[in-house]
Amino acid sequence: MSPDTIVVIAEHLKGELSDITLEMLACGRELANASGSELICMVLTDDPLPFKALPFASDKTIIVKNPVLGTFNPEAYCKVLSHMLREMSPRIALMGSTSVGMDLAGMLSVTLGATVVGNCTRIQIEGRKLLVTSKLYGGKLTARSEVDQGMVLCLLMTGSYSKEGGMKNEISQIDIRDSPLSLDGLRTQFRELVEPEEGDVDLTKVPVLVGAGRGVQGADNVRVLEELAGLLGGAVCATRPVVDQGWLPRTRQVGRSGVIVKPRLYLAFGISGAPEHVEGMKDSEFIVAVNTDSGAPIFEVAHYGSTLDLQDLAPVLAEKIKELKGGK
Amino acid sequence: MNVTQAFLSRLEKLPDGQKVRDCIQCGMCAGVCPHGYAMDYTPRRMIAALRAGRLDDLFRSDSIWLCVACFNCSYRCPSGIPLAERLIPSLREELLSTGVGVPKELQTAFERTARYGNPFGESPKKRDAWIKEAGVKVRVLKEGDSADVLWHVGCFPSYNKANLKDTIALAKLLNVLDVDFGIMGSDEWCAGDLRCTAVGEEGLFNLLYEHNSLQLAGRSFNEVLVGDPHAYNALSREYARMGTAYRVSHYTQFLEKRIPELSKLLKKKIDAKVTYHDSCCLGRKNEIYEAPRSLLETIPGVKILEMPRNKENALCCGGGGGAMWLDSFIWERTRVPLSIQRVQEAARTGADILAVSCPLEIPRFEDAIKSSGLEGRLRVREISHMLADALGLVGGV
Amino acid sequence: MKVAVIIRQVPDVVEELVIAEDGRSLSEDDVMYITNELDDHALEQALILKGRHGAHVAAYGIGGSEARDALATSVAKGADEAVYVPLEFKDRGDNHKLAMHLAAPLRDGGFDLILSGMQAVDELDGGLGGILASRLSIPYVGGLLGVDMATGAGKVTVKKAFAGGRIGIMDVASPAVLGIQSSEQPPRYVPVNKVMQAKKTLQVKEIRTSVPDVVGLCITQLQKPETGAGAKMLEGDEDNVASSIANLLKERGLL
């Protein structure tokens, strides 16, 4: 009887592999090692070149190529994956809890008769049982679930596993094939990918926000925060007094008389944490606050804090982030 | 019947609404309105537009949202037209029902109030969480309970961190005076004046009224005590209009009656020059000017300095009529924020302390003090807190 | 154009979530319900299509009596039709069961588009939209920020959110199921008066078929995640603190 298979559905955008893929591989590697299974990384793309030489921690990498697969078309991906996964019959297929994975899991679960577990932060194997930890209710509760038979599709949340665990020192065996099915006549067509405008930003759609509060004290200091935001793929936002002073435009205001945001990361600089502002950002997934006042209410809602002066800390933080990112 | 006529007939059914016909177009309202200069439709022009059958013009203008419900216009109008109480809220109600041009921040405040009984979107169950830190016993009255005084605490005093020390101060004062009081805890909902009658969400006001009056009916008490002048307005005037009349006192009135006892309990001097800000809802609207001053005079060491614009001429802090949620919207359309003008006026008297009697003013004036660089020169204090301090019940000023 | 919107009632996380005695579900008595936020966006998107193209909007309210209230609000906002789908507490949060239950009525409804929020706070078994689409054998695209009629007939153009603020423009042939992330405009306000009015005059169709008896995902435990009280304060000089923060961000996949 052939050993179990664990499949990771890779994600990529514009020829660049998404980090979640490496996290899934790290998770998959752990599971494969624990259960003696084979770990396969599956990449659906129009051009295998960017992916051929990546040191995935998988035992095998299958690259399926077809012009339609260059950009993410849920119908095309679903068609190909249904076919391939039915053939491979893996124990587990890992997908990202992202705009890609979340489109596929539901559909695939019906075509394959598989169980889906979403919002996963940790997956373990115990004999025949799969033990999954997930977030529920906006992160307020943690749920543990068990699946003991059949194929399981797991949606892995970003930040759950380390990317390094998804790589190894050699290139795994690569198998490049054409799509097993025709992808003509699909009802979903991808037309174009639009880059975000340079102009003003919709704060509710930005994953990282760097908040400027009164402690920022002037337009000049806002510049350092803008650099930080740029490094993190985010935008600068502000409390009302900052906007009122004209250091940032009204469109950047977060709070009761501004915008309500729920980014993945909120870095609060010089923000006291007045309720009017906190109302607008308290549901951010991860909050780090910097304020010289140790009694500032922002520290009640932040996950981490520092009482250093932001003028001293912000530039150094920008440097450290550049260093860590430079390793990519 | 055209849209304008339909609107006018609805307006005229409200208390004193028919007085809108007596407008002599004198422009007193526009002259005393603190935002009059920024409105393309001042109250006078609004009435002129209505007379010309042009309700739509008013909807295209931002002016309706610049009103801070300071009641100056109504107070001065020679024809006694309830401009801030009825005309503006009615216009706002029209806009709300079409969903056009309503500032989003207000919408959020309404949605939260409708769902959670407070504009912050905090759980109603946490409304009385503050009593754990009060340091004195605060009775939560359940259905069937009775007390001499039912204290309607209010949303800001219950939930807003900046106001908690003053809520606790009042609890301590009631305690030391041996007042038989209780609160309704999580059964208490927003009194509805601030965001609702003044802002035109009559439906929401009715919802809150139904809830609160039912809850109040389940308890026995002799009077209702409030810390918030807006709740005072709602519970005494508006609830009476809906058919349920209560004896309502603002804490300054309540404590004024007990000055002899308070005087005996004084422990500290507060050496400070104090100027008192007459809040619009307590002052101009309900003409309560002396009680707060008498209380301040009771505190040894306090020297009262009056601002030029005091009592019925007081300048609004800019937070009424829903403006608490519209600061940005309003600042974009006006020059210097009212709260900043007011703290500067206070500082010019030479005072050390700006004393207030409305919970909105604590965050508004504290903010304004920081923004106008007066930090260190002027501080804001709620009268209840100053009294509690003078009685040695709370930490230092 | 006929548009159906699925509106689910989910536990309101503003309130404290009380775990039941069995340790693997919520205590039913303590749950306060609220309309799933993204379903609100889905309704708004449907109403935007109504405003632009005169689409007929049918709101499907899933849940208990609170779902009926949500239907009144939907109608007050402009929905043309209200369909009540009673669903007991024990069946909630199971999208596979719900999709099976809704498939037949939705198919019979002859809708061009079926909109739902791409996610709900109480679901663990993948988004409703994809499962429903597969049952109905029609396309699904989720994570949408905008929907509009395409230039060709029987097609819609959608804007799908990708990482980094990028947007994918796609054409989808109808009928299709669409998973909404954010409506083009924030969900509109409806005054309390209008909702009260709608409640009085509400005409609701009801789905009376019994909910399919299928076994869903086996949840073995629900618990609160470990939290500290307030922020963990970082010590040291700028170098130490900056490194700490940068590492925290890296660990969380934010770099």
# chains A, B, ... in the order shown; residues from 1 in each chain; ligands from 1
call {"tool": "select_by_dssp", "arguments": {"residues": "region 31-219 of chain A", "states": "strand (DSSP E)", "output": "PyMOL selection string"}}
result
chain A and resi 38-45+60-65+92-96+115-126+129-136+141-147+152-156+173-178+188-194+208-212
call {"tool": "residues_around", "arguments": {"residues": "Ile123 (chain A)", "least_positions_apart": "2", "cutoff": "8 Å", "atoms": "only C-alpha atoms", "output": "list of chain:residue names"}}
result
A:Cys27, A:Leu31, A:Cys120, A:Thr121, A:Ile125, A:Leu130, A:Leu131, A:Val132, A:Thr133
call {"tool": "interface_residues", "arguments": {"of": "chain C", "to": "chain A", "cutoff": "7 Å", "atoms": "only C-alpha atoms", "output": "PyMOL selection string"}}
result
chain C and resi 13+121-122+124-127+130-131+134+139+141-143+161-162+164-173+218-225+230-234+238-239+242-243+246+251-253+255
call {"tool": "write_last_selection", "arguments": {"atoms": "N, CA and C atoms", "output": "tab-separated table (two decimals), in the first residue's frame"}}
result
chain	number	residue	atom	x	y	z
C	13	VAL	N	-19.40	39.13	18.72
C	13	VAL	CA	-18.18	38.99	19.54
C	13	VAL	C	-17.94	40.17	20.48
C	121	VAL	N	-17.82	34.70	11.00
C	121	VAL	CA	-16.99	34.47	12.19
C	121	VAL	C	-17.16	33.11	12.82
C	122	ASP	N	-18.29	32.45	12.51
C	122	ASP	CA	-18.54	31.20	13.21
C	122	ASP	C	-18.27	29.96	12.35
C	124	LEU	N	-16.03	27.16	10.19
C	124	LEU	CA	-14.71	26.52	10.16
C	124	LEU	C	-14.56	25.66	8.92
C	125	ASP	N	-15.66	25.44	8.19
C	125	ASP	CA	-15.56	24.47	7.10
C	125	ASP	C	-15.52	25.12	5.73
C	126	GLY	N	-14.83	26.25	5.63
C	126	GLY	CA	-14.67	26.89	4.33
C	126	GLY	C	-15.83	27.82	4.05
C	127	GLY	N	-15.66	28.72	3.10
C	127	GLY	CA	-16.70	29.71	2.81
C	127	GLY	C	-17.94	29.10	2.17
C	130	GLY	N	-18.39	29.04	-2.07
C	130	GLY	CA	-17.78	28.03	-2.93
C	130	GLY	C	-18.54	26.71	-2.87
C	131	ILE	N	-18.97	26.36	-1.66
C	131	ILE	CA	-19.68	25.08	-1.48
C	131	ILE	C	-21.01	25.15	-2.22
C	134	SER	N	-20.59	24.98	-6.02
C	134	SER	CA	-20.30	23.63	-6.48
C	134	SER	C	-21.56	22.79	-6.52
C	139	PRO	N	-20.18	28.91	-11.43
C	139	PRO	CA	-18.88	29.43	-10.99
C	139	PRO	C	-18.95	30.19	-9.66
C	141	VAL	N	-16.46	33.12	-7.42
C	141	VAL	CA	-15.24	33.89	-7.16
C	141	VAL	C	-15.48	34.61	-5.84
C	142	GLY	N	-14.50	34.59	-4.96
C	142	GLY	CA	-14.67	35.23	-3.66
C	142	GLY	C	-13.68	36.35	-3.44
C	143	GLY	N	-13.80	37.00	-2.29
C	143	GLY	CA	-12.87	38.08	-1.95
C	143	GLY	C	-13.12	39.33	-2.78
C	161	ALA	N	-9.86	40.98	-4.64
C	161	ALA	CA	-8.72	41.50	-3.89
C	161	ALA	C	-7.61	40.47	-3.81
C	162	PHE	N	-6.40	40.91	-4.17
C	162	PHE	CA	-5.22	40.07	-4.00
C	162	PHE	C	-4.29	40.75	-3.02
C	164	GLY	N	-1.30	42.75	-1.20
C	164	GLY	CA	-0.58	43.96	-1.57
C	164	GLY	C	-1.45	45.01	-2.21
C	165	GLY	N	-2.74	44.93	-1.98
C	165	GLY	CA	-3.63	45.96	-2.53
C	165	GLY	C	-3.89	45.81	-4.01
C	166	ARG	N	-3.45	44.68	-4.59
C	166	ARG	CA	-3.70	44.51	-6.03
C	166	ARG	C	-5.12	44.02	-6.26
C	167	ILE	N	-5.65	44.34	-7.42
C	167	ILE	CA	-7.02	43.93	-7.74
C	167	ILE	C	-7.06	43.18	-9.06
C	168	GLY	N	-7.68	42.01	-9.03
C	168	GLY	CA	-7.84	41.22	-10.26
C	168	GLY	C	-9.20	41.51	-10.86
C	169	ILE	N	-9.22	41.91	-12.12
C	169	ILE	CA	-10.50	42.15	-12.80
C	169	ILE	C	-10.86	40.88	-13.55
C	170	MET	N	-12.04	40.34	-13.26
C	170	MET	CA	-12.44	39.08	-13.89
C	170	MET	C	-13.86	39.18	-14.43
C	171	ASP	N	-14.12	38.41	-15.47
C	171	ASP	CA	-15.48	38.32	-16.01
C	171	ASP	C	-16.02	36.96	-15.64
C	172	VAL	N	-17.25	36.92	-15.15
C	172	VAL	CA	-17.85	35.65	-14.75
C	172	VAL	C	-19.21	35.54	-15.42
C	173	ALA	N	-19.47	34.38	-16.03
C	173	ALA	CA	-20.78	34.18	-16.66
C	173	ALA	C	-21.80	33.87	-15.58
C	218	CYS	N	-15.96	17.73	13.19
C	218	CYS	CA	-16.01	17.36	14.61
C	218	CYS	C	-15.12	18.29	15.43
C	219	ILE	N	-15.76	19.19	16.17
C	219	ILE	CA	-14.99	20.09	17.03
C	219	ILE	C	-14.87	19.44	18.40
C	220	THR	N	-13.64	19.29	18.86
C	220	THR	CA	-13.47	18.61	20.14
C	220	THR	C	-13.31	19.56	21.31
C	221	GLN	N	-12.93	20.80	21.01
C	221	GLN	CA	-12.73	21.72	22.12
C	221	GLN	C	-12.79	23.18	21.67
C	222	LEU	N	-13.37	24.01	22.53
C	222	LEU	CA	-13.35	25.45	22.30
C	222	LEU	C	-12.71	26.05	23.54
C	223	GLN	N	-11.78	26.96	23.35
C	223	GLN	CA	-11.23	27.62	24.53
C	223	GLN	C	-10.74	29.01	24.20
C	224	LYS	N	-10.52	29.79	25.25
C	224	LYS	CA	-10.00	31.13	25.05
C	224	LYS	C	-8.52	31.02	24.77
C	225	PRO	N	-8.00	31.83	23.84
C	225	PRO	CA	-6.56	31.80	23.60
C	225	PRO	C	-5.86	32.43	24.80
C	230	GLY	N	-3.10	43.50	28.93
C	230	GLY	CA	-2.44	44.69	28.40
C	230	GLY	C	-1.18	44.33	27.63
C	231	ALA	N	-0.48	45.36	27.20
C	231	ALA	CA	0.68	45.15	26.35
C	231	ALA	C	1.86	44.58	27.13
C	232	LYS	N	2.61	43.72	26.43
C	232	LYS	CA	3.88	43.28	27.00
C	232	LYS	C	4.86	44.42	26.70
C	233	MET	N	5.43	44.99	27.74
C	233	MET	CA	6.31	46.13	27.50
C	233	MET	C	7.73	45.64	27.16
C	234	LEU	N	8.28	46.22	26.12
C	234	LEU	CA	9.62	45.82	25.67
C	234	LEU	C	10.67	46.70	26.34
C	238	GLU	N	17.05	51.69	22.10
C	238	GLU	CA	16.41	51.68	20.79
C	238	GLU	C	16.78	50.44	19.99
C	239	ASP	N	18.03	50.06	20.11
C	239	ASP	CA	18.51	48.92	19.35
C	239	ASP	C	17.78	47.64	19.77
C	242	ALA	N	13.93	47.95	18.95
C	242	ALA	CA	13.70	47.87	17.50
C	242	ALA	C	13.87	46.43	17.02
C	243	SER	N	14.91	45.76	17.51
C	243	SER	CA	15.13	44.36	17.11
C	243	SER	C	13.97	43.50	17.55
C	246	ALA	N	11.04	44.16	15.30
C	246	ALA	CA	11.24	43.63	13.95
C	246	ALA	C	11.09	42.11	13.95
C	251	GLU	N	8.12	37.00	12.81
C	251	GLU	CA	7.48	35.78	13.28
C	251	GLU	C	6.04	35.67	12.81
C	252	ARG	N	5.42	36.81	12.71
C	252	ARG	CA	4.00	36.80	12.34
C	252	ARG	C	3.80	36.91	10.84
C	253	GLY	N	4.91	36.78	10.10
C	253	GLY	CA	4.77	36.81	8.65
C	253	GLY	C	4.41	38.16	8.10
C	255	LEU	N	6.69	40.63	7.51
C	255	LEU	CA	7.76	41.30	6.76
C	255	LEU	C	7.82	40.76	5.35
call {"tool": "select_by_dssp", "arguments": {"residues": "region 89-160 of chain B", "states": "helix (DSSP H, G or I)", "output": "ChimeraX atom specification"}}
result
/B:89-98,104-116,124-126,129-133,155-159
call {"tool": "write_last_selection", "arguments": {"atoms": "N, CA and C atoms", "output": "CSV table (one decimal), in the first residue's frame"}}
result
chain,number,residue,atom,x,y,z
B,89,PRO,N,-33.3,69.2,13.8
B,89,PRO,CA,-33.5,67.8,13.9
B,89,PRO,C,-34.5,67.2,12.9
B,90,SER,N,-35.5,68.0,12.6
B,90,SER,CA,-36.5,67.5,11.6
B,90,SER,C,-35.8,67.4,10.2
B,91,LEU,N,-35.0,68.4,9.9
B,91,LEU,CA,-34.3,68.4,8.6
B,91,LEU,C,-33.4,67.2,8.6
B,92,ARG,N,-32.7,67.0,9.7
B,92,ARG,CA,-31.8,65.9,9.8
B,92,ARG,C,-32.5,64.5,9.6
B,93,GLU,N,-33.7,64.4,10.2
B,93,GLU,CA,-34.4,63.2,10.1
B,93,GLU,C,-34.8,62.9,8.6
B,94,GLU,N,-35.2,64.0,7.9
B,94,GLU,CA,-35.5,63.8,6.5
B,94,GLU,C,-34.2,63.2,5.8
B,95,LEU,N,-33.1,63.7,6.0
B,95,LEU,CA,-31.9,63.3,5.4
B,95,LEU,C,-31.5,61.9,5.7
B,96,LEU,N,-31.7,61.5,7.0
B,96,LEU,CA,-31.5,60.2,7.5
B,96,LEU,C,-32.3,59.2,6.8
B,97,SER,N,-33.6,59.5,6.5
B,97,SER,CA,-34.5,58.5,6.0
B,97,SER,C,-34.2,58.3,4.5
B,98,THR,N,-33.5,59.3,3.9
B,98,THR,CA,-33.1,59.0,2.5
B,98,THR,C,-31.7,58.4,2.4
B,104,LYS,N,-20.8,59.4,8.0
B,104,LYS,CA,-20.7,58.0,8.4
B,104,LYS,C,-20.5,57.8,9.8
B,105,GLU,N,-19.7,58.8,10.4
B,105,GLU,CA,-19.4,58.6,11.9
B,105,GLU,C,-20.7,58.6,12.7
B,106,LEU,N,-21.6,59.4,12.3
B,106,LEU,CA,-22.9,59.5,13.0
B,106,LEU,C,-23.7,58.2,12.9
B,107,GLN,N,-23.6,57.7,11.6
B,107,GLN,CA,-24.3,56.4,11.4
B,107,GLN,C,-23.9,55.4,12.3
B,108,THR,N,-22.5,55.3,12.4
B,108,THR,CA,-22.0,54.3,13.3
B,108,THR,C,-22.4,54.4,14.7
B,109,ALA,N,-22.5,55.7,15.2
B,109,ALA,CA,-22.9,56.0,16.6
B,109,ALA,C,-24.3,55.5,16.7
B,110,PHE,N,-25.2,55.8,15.7
B,110,PHE,CA,-26.6,55.4,15.8
B,110,PHE,C,-26.7,53.9,15.9
B,111,GLU,N,-26.0,53.2,14.9
B,111,GLU,CA,-26.1,51.8,14.9
B,111,GLU,C,-25.7,51.1,16.2
B,112,ARG,N,-24.6,51.7,16.8
B,112,ARG,CA,-24.2,51.1,18.0
B,112,ARG,C,-25.1,51.4,19.2
B,113,THR,N,-25.7,52.6,19.2
B,113,THR,CA,-26.7,52.9,20.2
B,113,THR,C,-27.9,52.0,20.1
B,114,ALA,N,-28.3,51.8,18.9
B,114,ALA,CA,-29.5,51.0,18.7
B,114,ALA,C,-29.3,49.5,19.1
B,115,ARG,N,-28.1,49.1,18.9
B,115,ARG,CA,-27.8,47.7,19.2
B,115,ARG,C,-27.3,47.5,20.7
B,116,TYR,N,-26.5,48.4,21.2
B,116,TYR,CA,-25.9,48.1,22.5
B,116,TYR,C,-26.3,49.1,23.6
B,124,PRO,N,-23.6,46.0,26.7
B,124,PRO,CA,-24.4,46.6,27.7
B,124,PRO,C,-24.1,45.9,29.1
B,125,LYS,N,-23.6,44.7,29.1
B,125,LYS,CA,-23.3,44.0,30.3
B,125,LYS,C,-22.1,44.8,31.1
B,126,LYS,N,-21.3,45.5,30.3
B,126,LYS,CA,-20.2,46.2,31.0
B,126,LYS,C,-20.5,47.6,31.4
B,129,ALA,N,-19.5,48.2,35.0
B,129,ALA,CA,-18.2,47.6,35.4
B,129,ALA,C,-17.4,48.6,36.3
B,130,TRP,N,-17.7,49.9,36.1
B,130,TRP,CA,-17.0,50.9,36.9
B,130,TRP,C,-17.2,50.8,38.4
B,131,ILE,N,-18.3,50.2,38.8
B,131,ILE,CA,-18.6,50.1,40.2
B,131,ILE,C,-17.6,49.3,41.0
B,132,LYS,N,-16.9,48.4,40.3
B,132,LYS,CA,-15.8,47.6,41.0
B,132,LYS,C,-14.7,48.5,41.4
B,133,GLU,N,-14.5,49.6,40.7
B,133,GLU,CA,-13.4,50.5,41.1
B,133,GLU,C,-13.8,51.7,41.9
B,155,CYS,N,-24.0,57.3,29.4
B,155,CYS,CA,-23.0,56.5,28.5
B,155,CYS,C,-21.6,56.9,28.8
B,156,PHE,N,-21.3,58.2,28.6
B,156,PHE,CA,-19.9,58.7,28.8
B,156,PHE,C,-19.5,58.4,30.2
B,157,PRO,N,-20.3,58.8,31.2
B,157,PRO,CA,-19.8,58.5,32.6
B,157,PRO,C,-19.6,57.1,32.9
B,158,SER,N,-20.4,56.2,32.2
B,158,SER,CA,-20.2,54.8,32.5
B,158,SER,C,-19.0,54.1,31.8
B,159,TYR,N,-18.9,54.5,30.5
B,159,TYR,CA,-17.9,53.8,29.7
B,159,TYR,C,-16.6,54.5,29.4
call {"tool": "residues_around", "arguments": {"residues": "Ile180 (chain C)", "least_positions_apart": "6", "cutoff": "12 Å", "atoms": "only C-alpha atoms", "output": "PyMOL selection string"}}
result
(chain A and resi 99+103) or (chain C and resi 5-7+36-46+113-120+127-130+140-147+158-161)
call {"tool": "write_last_selection", "arguments": {"atoms": "C-alpha atoms", "output": "mmCIF file, in the first residue's frame"}}
result
data_model
loop_
_atom_site.group_PDB
_atom_site.id
_atom_site.type_symbol
_atom_site.label_atom_id
_atom_site.label_comp_id
_atom_site.auth_asym_id
_atom_site.auth_seq_id
_atom_site.Cartn_x
_atom_site.Cartn_y
_atom_site.Cartn_z
ATOM 1 C CA SER A 99 -7.868 35.098 -1.466
ATOM 2 C CA ASP A 103 -11.932 30.429 -3.128
ATOM 3 C CA VAL C 5 -28.336 37.556 -0.815
ATOM 4 C CA ILE C 6 -27.633 35.088 1.990
ATOM 5 C CA ILE C 7 -27.752 36.819 5.369
ATOM 6 C CA ASN C 36 -22.588 38.489 9.773
ATOM 7 C CA GLU C 37 -20.678 41.612 8.834
ATOM 8 C CA LEU C 38 -19.663 40.488 5.361
ATOM 9 C CA ASP C 39 -23.228 39.410 4.607
ATOM 10 C CA ASP C 40 -24.186 43.030 5.325
ATOM 11 C CA HIS C 41 -21.684 44.003 2.669
ATOM 12 C CA ALA C 42 -23.173 41.433 0.332
ATOM 13 C CA LEU C 43 -26.614 42.970 0.832
ATOM 14 C CA GLU C 44 -25.197 46.425 0.205
ATOM 15 C CA GLN C 45 -23.574 45.243 -3.022
ATOM 16 C CA ALA C 46 -26.889 43.759 -4.124
ATOM 17 C CA LEU C 113 -26.307 36.121 -8.957
ATOM 18 C CA ILE C 114 -26.138 34.741 -5.446
ATOM 19 C CA LEU C 115 -24.150 36.953 -3.099
ATOM 20 C CA SER C 116 -22.867 36.104 0.343
ATOM 21 C CA GLY C 117 -20.113 37.357 2.607
ATOM 22 C CA MET C 118 -16.916 35.468 1.770
ATOM 23 C CA GLN C 119 -16.474 34.572 5.440
ATOM 24 C CA ALA C 120 -18.418 34.339 8.663
ATOM 25 C CA GLY C 127 -16.699 29.713 2.812
ATOM 26 C CA LEU C 128 -20.368 29.160 2.050
ATOM 27 C CA GLY C 129 -20.138 30.602 -1.463
ATOM 28 C CA GLY C 130 -17.784 28.027 -2.931
ATOM 29 C CA TYR C 140 -17.654 31.041 -7.789
ATOM 30 C CA VAL C 141 -15.241 33.889 -7.157
ATOM 31 C CA GLY C 142 -14.672 35.229 -3.663
ATOM 32 C CA GLY C 143 -12.871 38.082 -1.955
ATOM 33 C CA LEU C 144 -14.702 40.689 -4.045
ATOM 34 C CA LEU C 145 -14.562 44.451 -3.721
ATOM 35 C CA GLY C 146 -16.901 45.251 -6.559
ATOM 36 C CA VAL C 147 -19.450 43.695 -8.906
ATOM 37 C CA VAL C 158 -15.870 41.492 -10.620
ATOM 38 C CA LYS C 159 -12.945 43.003 -8.741
ATOM 39 C CA LYS C 160 -11.102 40.456 -6.641
ATOM 40 C CA ALA C 161 -8.719 41.497 -3.887
#
call {"tool": "atom_distance", "arguments": {"atom1": "CA of Arg381 (chain B)", "atom2": "CA of Val356 (chain B)"}}
result
6.2 Å
call {"tool": "interface_residues", "arguments": {"of": "chain A", "to": "chain B", "cutoff": "12 Å", "atoms": "only C-alpha atoms", "output": "PyMOL selection string"}}
result
chain A and resi 214-215+217+239-246+249-260+272-280+282+296-298+300
call {"tool": "closest_atom_pairs", "arguments": {"of": "chain B", "to": "chain C", "cutoff": "6 Å", "atoms": "only C-alpha atoms", "output": "Markdown table"}}
result
| residue | atom | partner | partner_atom | distance |
| --- | --- | --- | --- | --- |
| B:Ser97 | CA | C:Pro191 | CA | 5.8 |
| B:Ser123 | CA | C:Glu15 | CA | 5.5 |
| B:Gly203 | CA | C:Asn193 | CA | 4.3 |
| B:Leu204 | CA | C:Val192 | CA | 5.3 |
call {"tool": "write_last_selection", "arguments": {"atoms": "C-alpha atoms", "output": "PDB file, in the first residue's frame"}}
result
ATOM      1  CA  SER B  97     -34.480  58.540   5.953  1.00  0.00           C
ATOM      2  CA  SER B 123     -21.430  45.436  25.634  1.00  0.00           C
ATOM      3  CA  GLY B 203     -37.085  56.268  15.734  1.00  0.00           C
ATOM      4  CA  LEU B 204     -33.993  55.508  17.732  1.00  0.00           C
TER       5      LEU B 204
END
call {"tool": "atom_distance", "arguments": {"atom1": "CA of Glu290 (chain B)", "atom2": "CA of Gly376 (chain B)"}}
result
28.6 Å
call {"tool": "residues_around", "arguments": {"residues": "Phe221 (chain B)", "least_positions_apart": "3", "cutoff": "9 Å", "atoms": "only C-alpha atoms", "output": "mmCIF file with C-alpha atoms, in the first residue's frame"}}
result
data_model
loop_
_atom_site.group_PDB
_atom_site.id
_atom_site.type_symbol
_atom_site.label_atom_id
_atom_site.label_comp_id
_atom_site.auth_asym_id
_atom_site.auth_seq_id
_atom_site.Cartn_x
_atom_site.Cartn_y
_atom_site.Cartn_z
ATOM 1 C CA ASP B 145 -36.218 47.266 43.998
ATOM 2 C CA SER B 146 -36.572 50.715 45.431
ATOM 3 C CA ALA B 147 -34.352 53.571 46.484
ATOM 4 C CA ASP B 148 -34.880 57.227 47.272
ATOM 5 C CA VAL B 149 -32.770 58.351 44.344
ATOM 6 C CA LEU B 150 -32.310 56.562 41.033
ATOM 7 C CA PHE B 181 -29.403 55.688 45.842
ATOM 8 C CA LEU B 216 -37.702 52.794 35.245
ATOM 9 C CA VAL B 224 -33.924 60.694 39.122
#
call {"tool": "decode", "arguments": {"residues": "region 240-251 of chain C", "atoms": "N, CA and C atoms", "output": "PDB file, in the first residue's frame"}}
result
ATOM      1  N   ASN C 240      17.703  47.429  21.113  1.00  0.00           N
ATOM      2  CA  ASN C 240      17.028  46.235  21.627  1.00  0.00           C
ATOM      3  C   ASN C 240      15.571  46.208  21.209  1.00  0.00           C
ATOM      4  N   VAL C 241      14.896  47.311  21.494  1.00  0.00           N
ATOM      5  CA  VAL C 241      13.453  47.360  21.249  1.00  0.00           C
ATOM      6  C   VAL C 241      13.160  47.232  19.760  1.00  0.00           C
ATOM      7  N   ALA C 242      13.933  47.948  18.949  1.00  0.00           N
ATOM      8  CA  ALA C 242      13.697  47.865  17.502  1.00  0.00           C
ATOM      9  C   ALA C 242      13.871  46.432  17.017  1.00  0.00           C
ATOM     10  N   SER C 243      14.915  45.765  17.514  1.00  0.00           N
ATOM     11  CA  SER C 243      15.131  44.362  17.109  1.00  0.00           C
ATOM     12  C   SER C 243      13.966  43.496  17.553  1.00  0.00           C
ATOM     13  N   SER C 244      13.541  43.709  18.792  1.00  0.00           N
ATOM     14  CA  SER C 244      12.414  42.903  19.297  1.00  0.00           C
ATOM     15  C   SER C 244      11.202  43.063  18.407  1.00  0.00           C
ATOM     16  N   ILE C 245      10.885  44.317  18.097  1.00  0.00           N
ATOM     17  CA  ILE C 245       9.685  44.564  17.287  1.00  0.00           C
ATOM     18  C   ILE C 245       9.852  43.934  15.908  1.00  0.00           C
ATOM     19  N   ALA C 246      11.040  44.160  15.302  1.00  0.00           N
ATOM     20  CA  ALA C 246      11.239  43.626  13.951  1.00  0.00           C
ATOM     21  C   ALA C 246      11.089  42.105  13.953  1.00  0.00           C
ATOM     22  N   ASN C 247      11.609  41.464  14.984  1.00  0.00           N
ATOM     23  CA  ASN C 247      11.487  40.008  15.057  1.00  0.00           C
ATOM     24  C   ASN C 247      10.055  39.559  15.264  1.00  0.00           C
ATOM     25  N   LEU C 248       9.329  40.275  16.084  1.00  0.00           N
ATOM     26  CA  LEU C 248       7.915  39.947  16.283  1.00  0.00           C
ATOM     27  C   LEU C 248       7.181  39.989  14.961  1.00  0.00           C
ATOM     28  N   LEU C 249       7.484  41.022  14.169  1.00  0.00           N
ATOM     29  CA  LEU C 249       6.794  41.174  12.899  1.00  0.00           C
ATOM     30  C   LEU C 249       7.158  40.037  11.960  1.00  0.00           C
ATOM     31  N   LYS C 250       8.425  39.664  12.011  1.00  0.00           N
ATOM     32  CA  LYS C 250       8.884  38.585  11.135  1.00  0.00           C
ATOM     33  C   LYS C 250       8.182  37.295  11.499  1.00  0.00           C
ATOM     34  N   GLU C 251       8.124  37.003  12.812  1.00  0.00           N
ATOM     35  CA  GLU C 251       7.476  35.776  13.278  1.00  0.00           C
ATOM     36  C   GLU C 251       6.037  35.673  12.809  1.00  0.00           C
TER      37      GLU C 251
END
